[in-house]
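Asker: This one is work30.cif, mmCIF, C-alpha atoms.
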```cif
data_model
loop_
_atom_site.label_atom_id
_atom_site.label_comp_id
_atom_site.auth_asym_id
_atom_site.auth_seq_id
_atom_site.Cartn_x
_atom_site.Cartn_y
_atom_site.Cartn_z
CA MET A 291 -40.99 -89.43 30.13
CA SER A 292 -41.30 -90.67 33.72
CA ASP A 293 -43.23 -88.68 36.33
CA THR A 294 -41.37 -90.41 39.16
CA LYS A 295 -38.97 -88.13 41.01
CA THR A 296 -36.15 -88.89 43.41
CA VAL A 297 -34.98 -86.50 46.11
CA GLU A 298 -31.30 -85.69 45.60
CA LEU A 299 -30.03 -84.60 48.99
CA PRO A 300 -27.03 -82.24 49.09
CA LEU A 301 -23.53 -83.28 50.08
CA ARG A 302 -23.03 -84.22 53.72
CA ASP A 303 -19.26 -83.84 53.47
CA LEU A 304 -16.74 -82.56 50.96
CA ASN A 305 -14.89 -85.80 50.25
CA LYS A 306 -16.55 -86.29 46.88
CA CYS A 307 -18.70 -84.19 44.55
CA PHE A 308 -22.18 -85.70 44.21
CA GLN A 309 -22.38 -84.90 40.48
CA CYS A 310 -18.97 -85.40 38.88
CA GLN A 311 -17.82 -87.91 41.58
CA GLN A 312 -14.38 -86.23 41.73
CA LYS A 313 -12.66 -87.09 45.00
CA HIS A 314 -10.71 -84.64 47.10
CA SER A 315 -6.91 -84.84 47.11
CA GLU A 316 -4.04 -82.42 47.53
CA SER A 317 -3.35 -82.45 43.78
CA THR A 318 -7.04 -82.12 42.81
CA PRO A 319 -8.82 -79.98 45.42
CA LEU A 320 -12.57 -80.47 45.36
CA ARG A 321 -14.72 -77.97 43.47
CA VAL A 322 -18.39 -78.40 44.32
CA CYS A 323 -20.62 -78.58 41.23
CA GLN A 324 -23.18 -75.88 41.97
CA ASN A 325 -25.00 -73.43 39.75
CA CYS A 326 -26.98 -71.16 42.07
CA ALA A 327 -25.97 -68.66 44.73
CA GLU A 328 -27.63 -66.61 47.48
CA LYS A 329 -28.65 -64.08 44.85
CA PHE A 330 -31.63 -66.45 44.53
CA TYR A 331 -33.41 -65.08 47.61
CA PRO A 332 -35.16 -62.13 45.85
CA PHE A 333 -36.87 -64.65 43.57
CA LEU A 334 -38.28 -66.45 46.62
CA ALA A 335 -39.40 -63.14 48.11
CA CYS A 336 -41.16 -62.23 44.86
CA LEU A 337 -42.92 -65.59 44.81
CA ALA A 338 -44.14 -64.93 48.35
CA GLU A 339 -45.35 -61.48 47.36
CA GLY A 340 -47.14 -62.88 44.32
CA ALA A 341 -48.88 -65.37 46.62
CA ARG A 342 -50.46 -62.50 48.53
CA PHE A 343 -52.35 -61.57 45.38
CA ASN A 344 -53.40 -65.13 44.57
CA ALA A 345 -57.12 -65.42 43.76
CA ALA A 346 -57.47 -68.15 46.41
CA ARG A 347 -56.28 -65.85 49.21
CA PRO A 348 -59.15 -64.29 51.19
CA MET A 349 -59.04 -60.49 51.29
CA HIS A 350 -58.51 -58.91 54.68
CA LYS A 351 -61.82 -57.46 55.93
CA ALA A 352 -60.19 -54.18 56.94
CA LEU A 353 -59.40 -53.36 53.32
CA ASN A 354 -63.02 -52.59 52.44
CA ARG A 355 -64.16 -51.01 55.70
CA ALA A 356 -63.74 -47.27 56.30
CA ILE A 357 -61.06 -46.39 58.86
CA LEU A 358 -62.54 -44.03 61.46
CA ASN A 359 -59.43 -43.15 63.48
CA ASN A 360 -55.82 -42.25 62.64
CA PRO A 361 -53.65 -45.34 63.27
CA SER A 362 -50.61 -44.07 61.37
CA PRO A 363 -48.01 -42.62 61.51
CA ASN A 364 -48.51 -41.67 65.19
CA PRO A 365 -50.69 -44.42 66.67
CA THR A 366 -52.37 -44.57 70.05
CA ILE A 367 -51.54 -47.79 71.87
CA THR A 368 -54.56 -49.72 73.22
CA SER A 369 -54.48 -52.32 75.99
CA PHE A 370 -56.75 -55.37 75.70
CA PRO A 371 -58.26 -57.68 78.35
CA ASP A 372 -55.77 -60.47 77.59
CA GLY A 373 -52.91 -58.16 78.57
CA SER A 374 -51.69 -57.52 75.02
CA THR A 375 -51.25 -54.08 73.49
CA ALA A 376 -51.46 -52.95 69.88
CA ASN A 377 -52.31 -50.18 67.47
CA LEU A 378 -56.12 -50.39 67.22
CA VAL A 379 -57.70 -49.74 63.82
CA ILE A 380 -61.36 -48.72 64.19
CA LEU A 381 -63.47 -49.61 61.17
CA GLY A 382 -66.95 -48.59 60.06
CA GLU A 383 -69.15 -49.31 57.08
CA GLN A 384 -68.05 -51.11 53.94
CA VAL A 385 -66.56 -49.07 51.12
CA SER A 386 -65.63 -49.93 47.56
CA LEU A 387 -62.04 -51.00 46.96
CA SER A 388 -61.90 -48.34 44.26
CA ASP A 389 -62.78 -45.63 46.79
CA VAL A 390 -59.22 -45.03 47.97
CA ILE A 391 -59.92 -41.81 49.87
CA GLY A 392 -63.16 -43.13 51.33
CA TRP A 393 -61.28 -46.06 52.81
CA TRP A 394 -59.37 -43.69 55.10
CA PRO A 395 -60.68 -40.13 54.68
CA SER A 396 -58.64 -38.61 57.52
CA ALA A 397 -55.24 -39.92 56.43
CA ALA A 398 -52.69 -37.11 56.57
CA THR A 399 -51.27 -37.82 53.11
CA SER A 400 -51.72 -40.23 50.22
CA PRO A 401 -48.33 -41.93 50.87
CA ILE A 402 -49.33 -42.58 54.49
CA ARG A 403 -52.63 -44.07 53.32
CA SER A 404 -50.92 -46.20 50.66
CA LYS A 405 -48.32 -47.67 52.99
CA PHE A 406 -50.87 -48.51 55.67
CA PHE A 407 -53.10 -50.22 53.10
CA ARG A 408 -50.17 -52.39 52.00
CA ARG A 409 -49.32 -53.30 55.58
CA ILE A 410 -52.83 -54.65 56.14
CA GLN A 411 -52.79 -56.29 52.72
CA ARG A 412 -49.83 -58.41 53.86
CA GLU A 413 -51.47 -59.57 57.10
CA GLY A 414 -51.70 -63.30 57.61
CA HIS A 415 -51.23 -66.58 55.68
CA LEU A 416 -47.47 -66.47 56.27
CA LEU A 417 -46.95 -70.15 57.13
CA PRO A 418 -48.91 -71.60 54.14
CA ILE A 419 -46.95 -69.33 51.79
CA LEU A 420 -43.61 -70.41 53.26
CA VAL A 421 -44.61 -74.07 52.98
CA SER A 422 -45.45 -73.52 49.29
CA LEU A 423 -41.99 -72.02 48.71
CA CYS A 424 -40.35 -75.01 50.38
CA ILE A 425 -42.41 -77.44 48.30
CA ALA A 426 -41.33 -75.70 45.10
CA LEU A 427 -37.66 -75.78 46.13
CA LEU A 428 -37.74 -79.45 47.03
CA ARG A 429 -39.79 -80.63 44.02
CA GLU A 430 -38.13 -78.54 41.33
CA MET A 431 -34.56 -78.10 42.56
CA TYR A 432 -33.74 -81.01 44.85
CA THR A 433 -35.34 -83.87 42.93
CA SER A 434 -34.45 -85.58 39.68
CA THR A 435 -36.13 -87.82 37.12
CA PRO A 436 -34.44 -90.41 34.91
CA GLU A 437 -34.28 -87.70 32.23
CA THR A 438 -32.70 -85.04 34.45
CA GLY A 439 -29.41 -83.66 33.19
CA ARG A 440 -27.84 -80.62 34.83
CA ARG A 441 -28.79 -80.18 38.47
CA VAL A 442 -29.12 -76.79 40.11
CA ARG A 443 -28.61 -76.39 43.84
CA LEU A 444 -28.42 -73.46 46.22
CA ARG A 445 -25.14 -72.44 47.81
CA HIS A 446 -23.71 -69.64 49.90
CA GLY A 447 -20.29 -68.63 48.67
CA LYS A 448 -18.51 -71.91 47.99
CA SER A 449 -20.51 -73.94 50.50
CA PRO A 450 -23.62 -75.85 49.35
CA ILE A 451 -26.91 -75.44 51.18
CA ALA A 452 -27.23 -78.72 53.08
CA ASP A 453 -30.66 -78.11 54.59
CA PHE A 454 -33.55 -75.67 54.52
CA GLY A 455 -36.80 -75.39 56.39
CA ILE A 456 -39.06 -73.18 58.46
CA ALA A 457 -38.18 -71.45 61.72
CA ARG A 458 -40.78 -70.52 64.31
CA GLY A 459 -40.26 -67.86 66.94
CA LYS A 460 -40.80 -64.25 67.89
CA ALA A 461 -40.44 -61.07 65.86
CA ALA A 462 -39.21 -57.90 67.54
CA ALA A 463 -42.36 -55.86 66.98
CA GLN A 464 -43.29 -53.02 69.30
CA SER A 465 -46.89 -52.44 70.38
CA HIS A 466 -47.34 -49.50 68.01
CA ASP A 467 -46.22 -51.69 65.08
CA ARG A 468 -48.68 -54.46 65.88
CA LEU A 469 -52.23 -54.05 64.53
CA ALA A 470 -55.64 -54.98 65.92
CA TYR A 471 -59.06 -54.37 64.37
CA LEU A 472 -62.40 -53.26 65.81
CA TYR A 473 -65.33 -53.63 63.39
CA LEU A 474 -68.06 -51.36 64.72
CA ALA A 475 -70.75 -52.37 62.23
CA GLU A 476 -70.34 -56.08 63.05
CA GLY A 477 -69.46 -55.53 66.71
CA THR A 478 -66.40 -57.78 66.39
CA PHE A 479 -62.74 -57.53 67.30
CA GLU A 480 -59.70 -59.40 66.00
CA GLN A 481 -55.98 -59.33 66.61
CA GLY A 482 -53.65 -58.84 63.69
CA GLN A 483 -50.61 -60.94 62.87
CA ASP A 484 -49.00 -62.11 66.09
CA PRO A 485 -45.26 -61.29 66.38
CA ASP A 486 -44.97 -64.02 69.03
CA GLU A 487 -46.05 -66.57 66.42
CA HIS A 488 -43.76 -65.66 63.56
CA TYR A 489 -42.27 -67.81 60.79
CA TRP A 490 -39.38 -67.46 58.37
CA LEU A 491 -37.14 -69.58 56.15
CA TYR A 492 -33.73 -70.80 57.24
CA PHE A 493 -30.93 -72.30 55.18
CA THR A 494 -27.92 -74.16 56.59
CA THR A 495 -24.70 -74.56 54.63
CA LEU A 496 -22.52 -77.65 54.61
CA SER A 497 -20.00 -75.72 56.71
CA GLY A 498 -22.68 -75.05 59.35
CA GLN A 499 -23.42 -71.41 58.58
CA LYS A 500 -27.01 -70.20 58.97
CA LEU A 501 -28.86 -67.90 56.55
CA THR A 502 -32.40 -66.62 57.02
CA LEU A 503 -35.04 -65.06 54.78
CA ASP A 504 -37.97 -63.29 56.42
CA VAL A 505 -40.79 -62.14 54.12
CA GLY A 506 -43.29 -61.36 56.88
CA MET A 507 -42.00 -58.21 58.62
CA PHE A 508 -43.67 -55.54 56.46
CA VAL A 509 -46.89 -55.81 58.46
CA PHE A 510 -44.87 -54.89 61.56
CA ASN A 511 -43.62 -51.72 59.84
CA PHE A 512 -40.17 -53.12 59.07
CA CYS A 513 -40.33 -52.34 55.38
CA LEU A 514 -37.13 -53.62 53.78
CA TYR A 515 -37.73 -54.86 50.25
CA VAL A 516 -36.04 -56.05 47.06
CA SER A 517 -36.73 -54.99 43.49
CA GLY A 518 -38.95 -57.33 41.47
CA GLN A 519 -36.81 -57.02 38.37
CA PRO A 520 -35.45 -59.04 36.63
CA TYR A 521 -36.73 -62.11 38.45
CA PHE A 522 -39.94 -62.52 36.48
CA ASP A 523 -38.78 -61.48 33.03
CA HIS A 524 -39.11 -65.05 31.75
CA ILE A 525 -42.27 -66.05 33.61
CA PRO A 526 -45.18 -64.56 31.64
CA PHE A 527 -47.85 -66.66 33.35
CA MET A 528 -47.41 -64.75 36.63
CA GLY A 529 -49.80 -62.07 35.36
CA MET A 530 -48.74 -58.85 37.09
CA PRO A 531 -45.39 -59.65 38.74
CA PRO A 532 -44.50 -57.63 41.86
CA MET A 533 -42.45 -54.50 41.32
CA SER A 534 -40.93 -55.07 44.74
CA ALA A 535 -41.21 -57.61 47.54
CA PRO A 536 -40.64 -57.49 51.30
CA ALA A 537 -37.48 -59.39 52.19
CA PHE A 538 -35.14 -59.37 55.17
CA TYR A 539 -32.21 -61.61 54.28
CA VAL A 540 -29.36 -62.22 56.72
CA ASP A 541 -26.19 -64.23 56.11
CA PRO A 542 -23.34 -64.67 58.62
CA ASP A 543 -21.45 -61.60 57.36
CA MET A 544 -24.53 -59.37 57.47
CA ALA A 545 -25.45 -60.57 60.96
CA ARG A 546 -22.56 -58.57 62.42
CA HIS A 547 -24.11 -55.22 61.45
CA THR A 548 -27.80 -56.14 61.13
CA PRO A 549 -30.35 -55.88 63.94
CA LYS A 550 -31.60 -59.19 65.27
CA LEU A 551 -35.32 -58.94 64.58
CA THR A 552 -36.30 -62.55 65.26
CA THR A 553 -35.61 -65.12 67.94
CA ALA A 554 -36.17 -68.74 66.93
CA SER A 555 -37.76 -71.19 69.36
CA ALA A 556 -37.67 -74.14 66.93
CA GLU A 557 -36.56 -75.08 63.42
CA TYR A 558 -38.27 -77.65 61.23
CA SER A 559 -36.26 -79.18 58.42
CA PHE A 560 -38.13 -79.46 55.15
CA LEU A 561 -35.44 -80.86 52.92
CA GLY A 562 -34.35 -83.47 55.47
CA ASN A 563 -37.89 -84.59 56.36
CA GLU A 564 -38.26 -88.13 54.99
CA ASP A 565 -42.07 -88.05 55.16
CA LEU A 566 -42.13 -84.89 53.05
CA GLN A 567 -39.62 -86.37 50.62
CA LYS A 568 -42.01 -89.25 49.96
CA ALA A 569 -45.06 -86.99 49.85
CA LEU A 570 -43.58 -84.61 47.30
CA THR A 571 -41.90 -86.94 44.83
CA ALA A 572 -45.06 -88.63 43.56
CA PRO A 573 -46.86 -87.19 40.53
CA ARG A 574 -49.57 -85.94 42.93
CA ILE A 575 -48.61 -84.20 46.15
CA ASP A 576 -49.68 -85.98 49.32
CA TRP A 577 -51.36 -83.03 51.04
CA ILE A 578 -52.25 -85.03 54.15
CA THR A 579 -48.54 -85.31 54.95
CA VAL A 580 -47.99 -81.62 54.17
CA ASN A 581 -50.86 -80.66 56.50
CA LYS A 582 -49.35 -82.83 59.26
CA PHE A 583 -46.10 -80.90 58.86
CA ILE A 584 -47.99 -77.64 59.38
CA VAL A 585 -49.54 -79.04 62.56
CA THR A 586 -46.05 -79.96 63.78
CA VAL A 587 -44.77 -76.45 63.11
CA SER A 588 -47.70 -74.36 64.35
CA GLY A 589 -49.65 -76.69 66.61
CA LYS A 590 -52.77 -76.02 64.53
CA ALA A 591 -54.34 -77.70 61.53
CA PRO A 592 -54.62 -75.48 58.43
CA THR A 593 -58.08 -74.12 57.73
CA GLY A 594 -60.02 -74.82 54.55
CA PRO A 595 -59.07 -71.45 52.99
CA GLU A 596 -55.43 -71.98 53.97
CA LYS A 597 -55.40 -75.39 52.30
CA ALA A 598 -56.92 -73.96 49.12
CA LEU A 599 -54.41 -71.10 49.10
CA MET A 600 -51.47 -73.44 49.65
CA LYS A 601 -52.48 -75.68 46.75
CA SER A 602 -52.91 -72.75 44.37
CA VAL A 603 -49.70 -71.00 45.43
CA THR A 604 -47.72 -74.23 45.27
CA GLN A 605 -48.83 -74.79 41.70
CA ASP A 606 -47.66 -71.29 40.71
CA CYS A 607 -44.39 -71.56 42.63
CA CYS A 608 -43.51 -74.98 41.19
CA LYS A 609 -44.23 -73.79 37.68
CA ALA A 610 -42.11 -70.65 38.18
CA MET A 611 -39.26 -72.58 39.80
CA ALA A 612 -39.21 -75.18 37.03
CA THR A 613 -39.16 -72.41 34.41
CA ILE A 614 -36.16 -70.54 35.81
CA VAL A 615 -34.23 -73.78 36.39
CA ARG A 616 -34.92 -75.03 32.87
CA ASN A 617 -34.11 -71.67 31.23
CA ARG A 618 -31.20 -70.92 33.60
CA ALA A 619 -32.72 -67.47 34.06
CA TYR A 620 -30.81 -67.11 37.35
CA MET A 621 -27.58 -66.73 35.38
CA ALA A 622 -28.66 -63.20 34.40
CA TRP A 623 -29.71 -62.16 37.90
CA PRO A 624 -27.57 -59.53 39.64
CA GLU A 625 -24.95 -60.67 42.12
CA GLU A 626 -26.02 -57.83 44.42
CA PRO A 627 -29.83 -57.54 44.57
CA SER A 628 -31.37 -54.08 44.58
CA VAL A 629 -32.52 -53.47 48.17
CA ASP A 630 -34.27 -50.46 49.69
CA ILE A 631 -36.34 -49.55 52.71
CA GLU A 632 -39.70 -47.80 52.71
CA THR A 633 -39.69 -45.37 55.59
CA ASP A 634 -42.67 -43.68 57.14
CA PRO A 635 -43.54 -40.57 55.12
CA GLY A 636 -41.41 -37.69 56.33
CA GLU A 637 -38.41 -39.81 57.34
CA THR A 638 -35.16 -39.33 55.49
CA THR A 639 -34.25 -41.87 52.82
CA ASN A 640 -30.59 -40.88 52.58
CA ALA A 641 -29.44 -44.42 53.33
CA PRO A 642 -25.71 -45.18 53.64
CA THR A 643 -24.37 -47.96 51.44
CA ASP A 644 -23.12 -51.36 52.60
CA ASP A 645 -19.53 -50.49 51.67
CA ASP A 646 -19.56 -47.39 53.91
CA GLU A 647 -16.96 -48.26 56.58
CA GLU A 648 -18.12 -45.59 59.06
CA TRP A 649 -21.73 -46.77 58.69
CA LEU A 650 -20.80 -50.43 59.26
CA LYS A 651 -18.81 -49.61 62.41
CA TYR A 652 -21.65 -47.43 63.68
CA MET A 653 -24.29 -50.11 63.06
CA THR A 654 -22.12 -52.90 64.49
CA ARG A 655 -21.83 -50.95 67.75
CA TRP A 656 -25.56 -50.18 67.95
CA ASN A 657 -26.62 -53.69 66.96
CA LYS A 658 -24.51 -55.20 69.73
CA LYS A 659 -26.39 -52.97 72.19
CA TYR A 660 -29.74 -53.97 70.66
CA ASN A 661 -29.01 -57.69 70.52
CA ARG A 662 -27.87 -57.63 74.18
CA GLY A 663 -31.14 -55.96 75.21
CA LYS A 664 -29.51 -52.67 76.24
CA VAL A 665 -31.54 -50.51 73.83
CA SER A 666 -35.02 -50.82 72.36
CA ARG A 667 -35.93 -51.21 68.69
CA ASP A 668 -37.15 -47.59 68.73
CA ALA A 669 -33.78 -46.43 70.07
CA LEU A 670 -32.07 -48.40 67.32
CA ARG A 671 -34.31 -46.80 64.69
CA HIS A 672 -33.61 -43.32 66.09
CA ALA A 673 -29.87 -44.06 65.96
CA ILE A 674 -30.16 -44.98 62.28
CA GLU A 675 -32.14 -41.83 61.55
CA ALA A 676 -29.62 -39.69 63.45
CA PHE A 677 -26.76 -41.06 61.35
CA ARG A 678 -28.67 -40.39 58.13
CA ASP A 679 -29.59 -36.88 59.25
CA ARG A 680 -25.97 -36.11 60.06
CA ARG A 681 -24.90 -37.39 56.66
CA THR A 682 -27.52 -35.20 55.00
CA ARG A 683 -26.14 -32.09 56.74
CA GLU A 684 -22.48 -32.90 56.03
CA PRO A 685 -20.90 -30.98 53.15
CA ARG A 686 -20.05 -33.18 50.17
CA SER A 687 -16.79 -32.85 48.26
CA LEU A 688 -17.10 -32.43 44.52
#
```
Could you render the structure as structure tokens?
Answerer:
Amino acid sequence: MSDTKTVELPLRDLNKCFQCQQKHSESTPLRVCQNCAEKFYPFLACLAEGARFNAARPMHKALNRAILNNPSPNPTITSFPDGSTANLVILGEQVSLSDVIGWWPSAATSPIRSKFFRRIQREGHLLPILVSLCIALLREMYTSTPETGRRVRLRHGKSPIADFGIARGKAAAQSHDRLAYLYLAEGTFEQGQDPDEHYWLYFTTLSGQKLTLDVGMFVFNFCLYVSGQPYFDHIPFMGMPPMSAPAFYVDPDMARHTPKLTTASAEYSFLGNEDLQKALTAPRIDWITVNKFIVTVSGKAPTGPEKALMKSVTQDCCKAMATIVRNRAYMAWPEEPSVDIETDPGETTNAPTDDDEEWLKYMTRWNKKYNRGKVSRDALRHAIEAFRDRRTREPRSL
């Protein structure tokens, strides 16, 4: 078998199907030959979550230093000399990872401690992980070999995904949701993940619609996630697959009643990048070209640990992507992914459903206010909680 791959770009218009070559006419309207839908996004989110536990990923220093203050759930905002503000985590001596209580002895409850640990655990390495996901998509889904038969492509509704890539911009994170770390024993200070330097995936359909997938908001205390089942049922080599994965997915319909949590300053096409197409179709990936792409996106060259992580994660992601495409595992995935939100301990979890007409009207009204800058993210969150509280108090008919 040949190891040479060819990038198969999606349709640029709907005059002719790229696979069956059927042409559009009034008597034979075009049906695009596609096999995959937007239900695919939880799989990508789970791959990103699995990457955070990759052996090549350096552990965050704050995870084995004792927390000496109480940064959650009611943080004290600290101002820094550079003018920024954040929730400062003060850390002392090293503790064993197995010493859960010793890591944060003064935590009010175990759930508060657990959630805060997982927020720190997801700090950093966002861009290398997203690049690995894009590499896997391009190499395993948008290329072919002489032996390739059925081709699988992403679509949204009836419209094929014509492009995908990485967006750079700002995340709507308040000061109390942004973390910073003071290491007393070492006498050092470091900022946490910067919401002004945020990255997420974007997908553009042939009809021009935009879809986004953000897997990096959990650290900013926006804890929407998808269930990890059944996306790894047929991928035994993943070791311990994630039970859930942070994911904030927005399509054009959802955008009407979903808060706008990111503002893009630039978008960088991955699928349409000719240099990347050449770099990723050879038997061996041209990492120099991939690293140049990262410099273009972030303005910074990847570090040695980031390069090592990206290579390891890419290998896992490509193997997983090839497996589900070959086995057509996606055919058994649910049309409506299981989505939930992890609130701060003590908040209500009586979430309305997406088919709740009153809830959708309520959220559409509040999101318009938020997206126009008339209310803060905290006000939006309080509005959501108020609706849930009212629903909890309302009598239910039997």
Asker: Select from range 342-398 of chain A every residue with an atom at most 10 Å from any atom of range 446-469 of chain A, then for each give the shortest pair of atoms and their distance in Å to one decimal, using only C-alpha atoms, rows by chain and rising number, as JSON lines.
Answerer:
```
{"residue": "A:Pro361", "atom": "CA", "partner": "A:Leu469", "partner_atom": "CA", "distance": 8.9}
{"residue": "A:Ser362", "atom": "CA", "partner": "A:His466", "partner_atom": "CA", "distance": 9.2}
{"residue": "A:Pro363", "atom": "CA", "partner": "A:His466", "partner_atom": "CA", "distance": 9.5}
{"residue": "A:Asn364", "atom": "CA", "partner": "A:His466", "partner_atom": "CA", "distance": 8.4}
{"residue": "A:Pro365", "atom": "CA", "partner": "A:His466", "partner_atom": "CA", "distance": 6.2}
{"residue": "A:Thr366", "atom": "CA", "partner": "A:His466", "partner_atom": "CA", "distance": 7.3}
{"residue": "A:Ile367", "atom": "CA", "partner": "A:His466", "partner_atom": "CA", "distance": 6.0}
{"residue": "A:Thr368", "atom": "CA", "partner": "A:Ser465", "partner_atom": "CA", "distance": 8.6}
{"residue": "A:Ser369", "atom": "CA", "partner": "A:Ser465", "partner_atom": "CA", "distance": 9.4}
{"residue": "A:Ser374", "atom": "CA", "partner": "A:Ser465", "partner_atom": "CA", "distance": 8.4}
{"residue": "A:Thr375", "atom": "CA", "partner": "A:Ser465", "partner_atom": "CA", "distance": 5.6}
{"residue": "A:Ala376", "atom": "CA", "partner": "A:Ser465", "partner_atom": "CA", "distance": 4.6}
{"residue": "A:Asn377", "atom": "CA", "partner": "A:Leu469", "partner_atom": "CA", "distance": 4.9}
{"residue": "A:Leu378", "atom": "CA", "partner": "A:Leu469", "partner_atom": "CA", "distance": 6.0}
{"residue": "A:Val379", "atom": "CA", "partner": "A:Leu469", "partner_atom": "CA", "distance": 7.0}
```
Asker: With C-alpha atoms retained, export the selected residues as a PDB file, in the coordinates of the input.
Answerer:
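Result went into out.pdb, see below:
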```
ATOM      1  CA  PRO A 361     -53.650 -45.340  63.270  1.00  0.00           C
ATOM      2  CA  SER A 362     -50.610 -44.070  61.370  1.00  0.00           C
ATOM      3  CA  PRO A 363     -48.010 -42.620  61.510  1.00  0.00           C
ATOM      4  CA  ASN A 364     -48.510 -41.670  65.190  1.00  0.00           C
ATOM      5  CA  PRO A 365     -50.690 -44.420  66.670  1.00  0.00           C
ATOM      6  CA  THR A 366     -52.370 -44.570  70.050  1.00  0.00           C
ATOM      7  CA  ILE A 367     -51.540 -47.790  71.870  1.00  0.00           C
ATOM      8  CA  THR A 368     -54.560 -49.720  73.220  1.00  0.00           C
ATOM      9  CA  SER A 369     -54.480 -52.320  75.990  1.00  0.00           C
ATOM     10  CA  SER A 374     -51.690 -57.520  75.020  1.00  0.00           C
ATOM     11  CA  THR A 375     -51.250 -54.080  73.490  1.00  0.00           C
ATOM     12  CA  ALA A 376     -51.460 -52.950  69.880  1.00  0.00           C
ATOM     13  CA  ASN A 377     -52.310 -50.180  67.470  1.00  0.00           C
ATOM     14  CA  LEU A 378     -56.120 -50.390  67.220  1.00  0.00           C
ATOM     15  CA  VAL A 379     -57.700 -49.740  63.820  1.00  0.00           C
TER      16      VAL A 379
END
```
Asker: Can you list what the PyMOL selection byres ((chain A and resi 617-625) around 8) grabs from this structure, as a list in words?
Answerer: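 Applying the PyMOL selection byres ((chain A and resi 617-625) around 8) to the structure shown produces Cys326, Lys329, Phe330, Pro520, Tyr521, His524, Thr613, Ile614, Val615, Arg616, Glu626 and Pro627 of chain A.
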Asker: Between CA of Pro536 in chain A and CA of Cys608 in chain A, what is the spacing in Å?
Answerer: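 One can read the CA of Cys608 in chain A to CA of Pro536 in chain A distance as 20.4 Å.
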Asker: Between CA of Leu387 in chain A and CA of Asn359 in chain A, what is the distance, to one decimal in Å?
Answerer: 18.5 Å
Asker: Pick from A:Ala554, A:Ser628, A:Glu383, A:Phe510: nearest to Ala535 in chain A, with only C-alpha atoms counted?
Answerer: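 Among A:Ala554, A:Ser628, A:Glu383, A:Phe510, it is A:Ser628 that comes nearest to Ala535 in chain A.
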Asker: Which residues are near Asp389 in chain A? Cut-off 12 Å, only C-alpha atoms, ignore same chain within fewer than 4 positions. Put them as an mmCIF file with C-alpha atoms, in the frame of the given file.
Answerer:
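What ended up in around.cif:
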```cif
data_model
loop_
_atom_site.group_PDB
_atom_site.id
_atom_site.type_symbol
_atom_site.label_atom_id
_atom_site.label_comp_id
_atom_site.auth_asym_id
_atom_site.auth_seq_id
_atom_site.Cartn_x
_atom_site.Cartn_y
_atom_site.Cartn_z
ATOM 1 C CA LEU A 353 -59.400 -53.360 53.320
ATOM 2 C CA ASN A 354 -63.020 -52.590 52.440
ATOM 3 C CA ARG A 355 -64.160 -51.010 55.700
ATOM 4 C CA ALA A 356 -63.740 -47.270 56.300
ATOM 5 C CA GLN A 384 -68.050 -51.110 53.940
ATOM 6 C CA VAL A 385 -66.560 -49.070 51.120
ATOM 7 C CA TRP A 393 -61.280 -46.060 52.810
ATOM 8 C CA TRP A 394 -59.370 -43.690 55.100
ATOM 9 C CA PRO A 395 -60.680 -40.130 54.680
#
```
Asker: Env of Tyr471 in chain A: 8 Å cut, atoms = all atoms listed in the file, seq-sep filter 2 positions within chain, self excluded. Answer as a list in words.
Answerer: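 Neighbouring residues, sequence-local ones excluded: Ala352, Leu378, Val379, Ile380, Leu381, Leu469, Tyr473, Phe479, Glu480, Gln481 and Gly482 of chain A.
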Asker: Just C-alpha atoms for this one: save the residues we selected as a short mmCIF file (atom, residue, chain, number, x, y, z; two decimals), keeping the file's coordinate frame.
Answerer:
```cif
data_model
loop_
_atom_site.label_atom_id
_atom_site.label_comp_id
_atom_site.auth_asym_id
_atom_site.auth_seq_id
_atom_site.Cartn_x
_atom_site.Cartn_y
_atom_site.Cartn_z
CA ALA A 352 -60.19 -54.18 56.94
CA LEU A 378 -56.12 -50.39 67.22
CA VAL A 379 -57.70 -49.74 63.82
CA ILE A 380 -61.36 -48.72 64.19
CA LEU A 381 -63.47 -49.61 61.17
CA LEU A 469 -52.23 -54.05 64.53
CA TYR A 473 -65.33 -53.63 63.39
CA PHE A 479 -62.74 -57.53 67.30
CA GLU A 480 -59.70 -59.40 66.00
CA GLN A 481 -55.98 -59.33 66.61
CA GLY A 482 -53.65 -58.84 63.69
#
```
Asker: In Å, how far is it from CA of Asp484 in chain A to CA of Lys405 in chain A?
Answerer: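 Between CA of Asp484 in chain A and CA of Lys405 in chain A the gap works out to 19.5 Å.
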Asker: Taking all atoms listed in the file into account, name the residue in A:Ser400, A:Ser422, A:Gln519, A:Gln411 that is nearest to Pro332 in chain A.
Answerer: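 Going through A:Ser400, A:Ser422, A:Gln519, A:Gln411 one by one, the smallest distance to Pro332 in chain A is for A:Gln519.
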Asker: Tell me which residues the PyMOL selection byres ((chain A and resi 597) around 12) grabs here, as a list in words.
Answerer: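 Checked against the file, the PyMOL selection byres ((chain A and resi 597) around 12) matches Ala346, Arg347, Pro348, His415, Leu417, Pro418, Ile419, Val421, Ser422, Trp577, Ile578, Val580, Asn581, Lys582, Ile584, Ala591, Pro592, Thr593, Gly594, Pro595, Glu596, Ala598, Leu599, Met600, Lys601, Ser602, Val603 and Thr604 of chain A.
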Asker: Excluding Cys607 in chain A and any residue of its chain fewer than 2 positions from it, enumerate the residues within 9 Å of it, using all atoms listed in the file, and give them as a PyMOL selection string.
Answerer: chain A and resi 334+337-338+341+422-423+425-427+602-605+609-612
Asker: Kindly indicate which residue among A:Thr579, A:Thr553, A:Ser386, A:Ser517 lies nearest to Gln567 in chain A, using all atoms listed in the file for the distances.
Answerer: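 Smallest separation from Gln567 in chain A among the options: A:Thr579.
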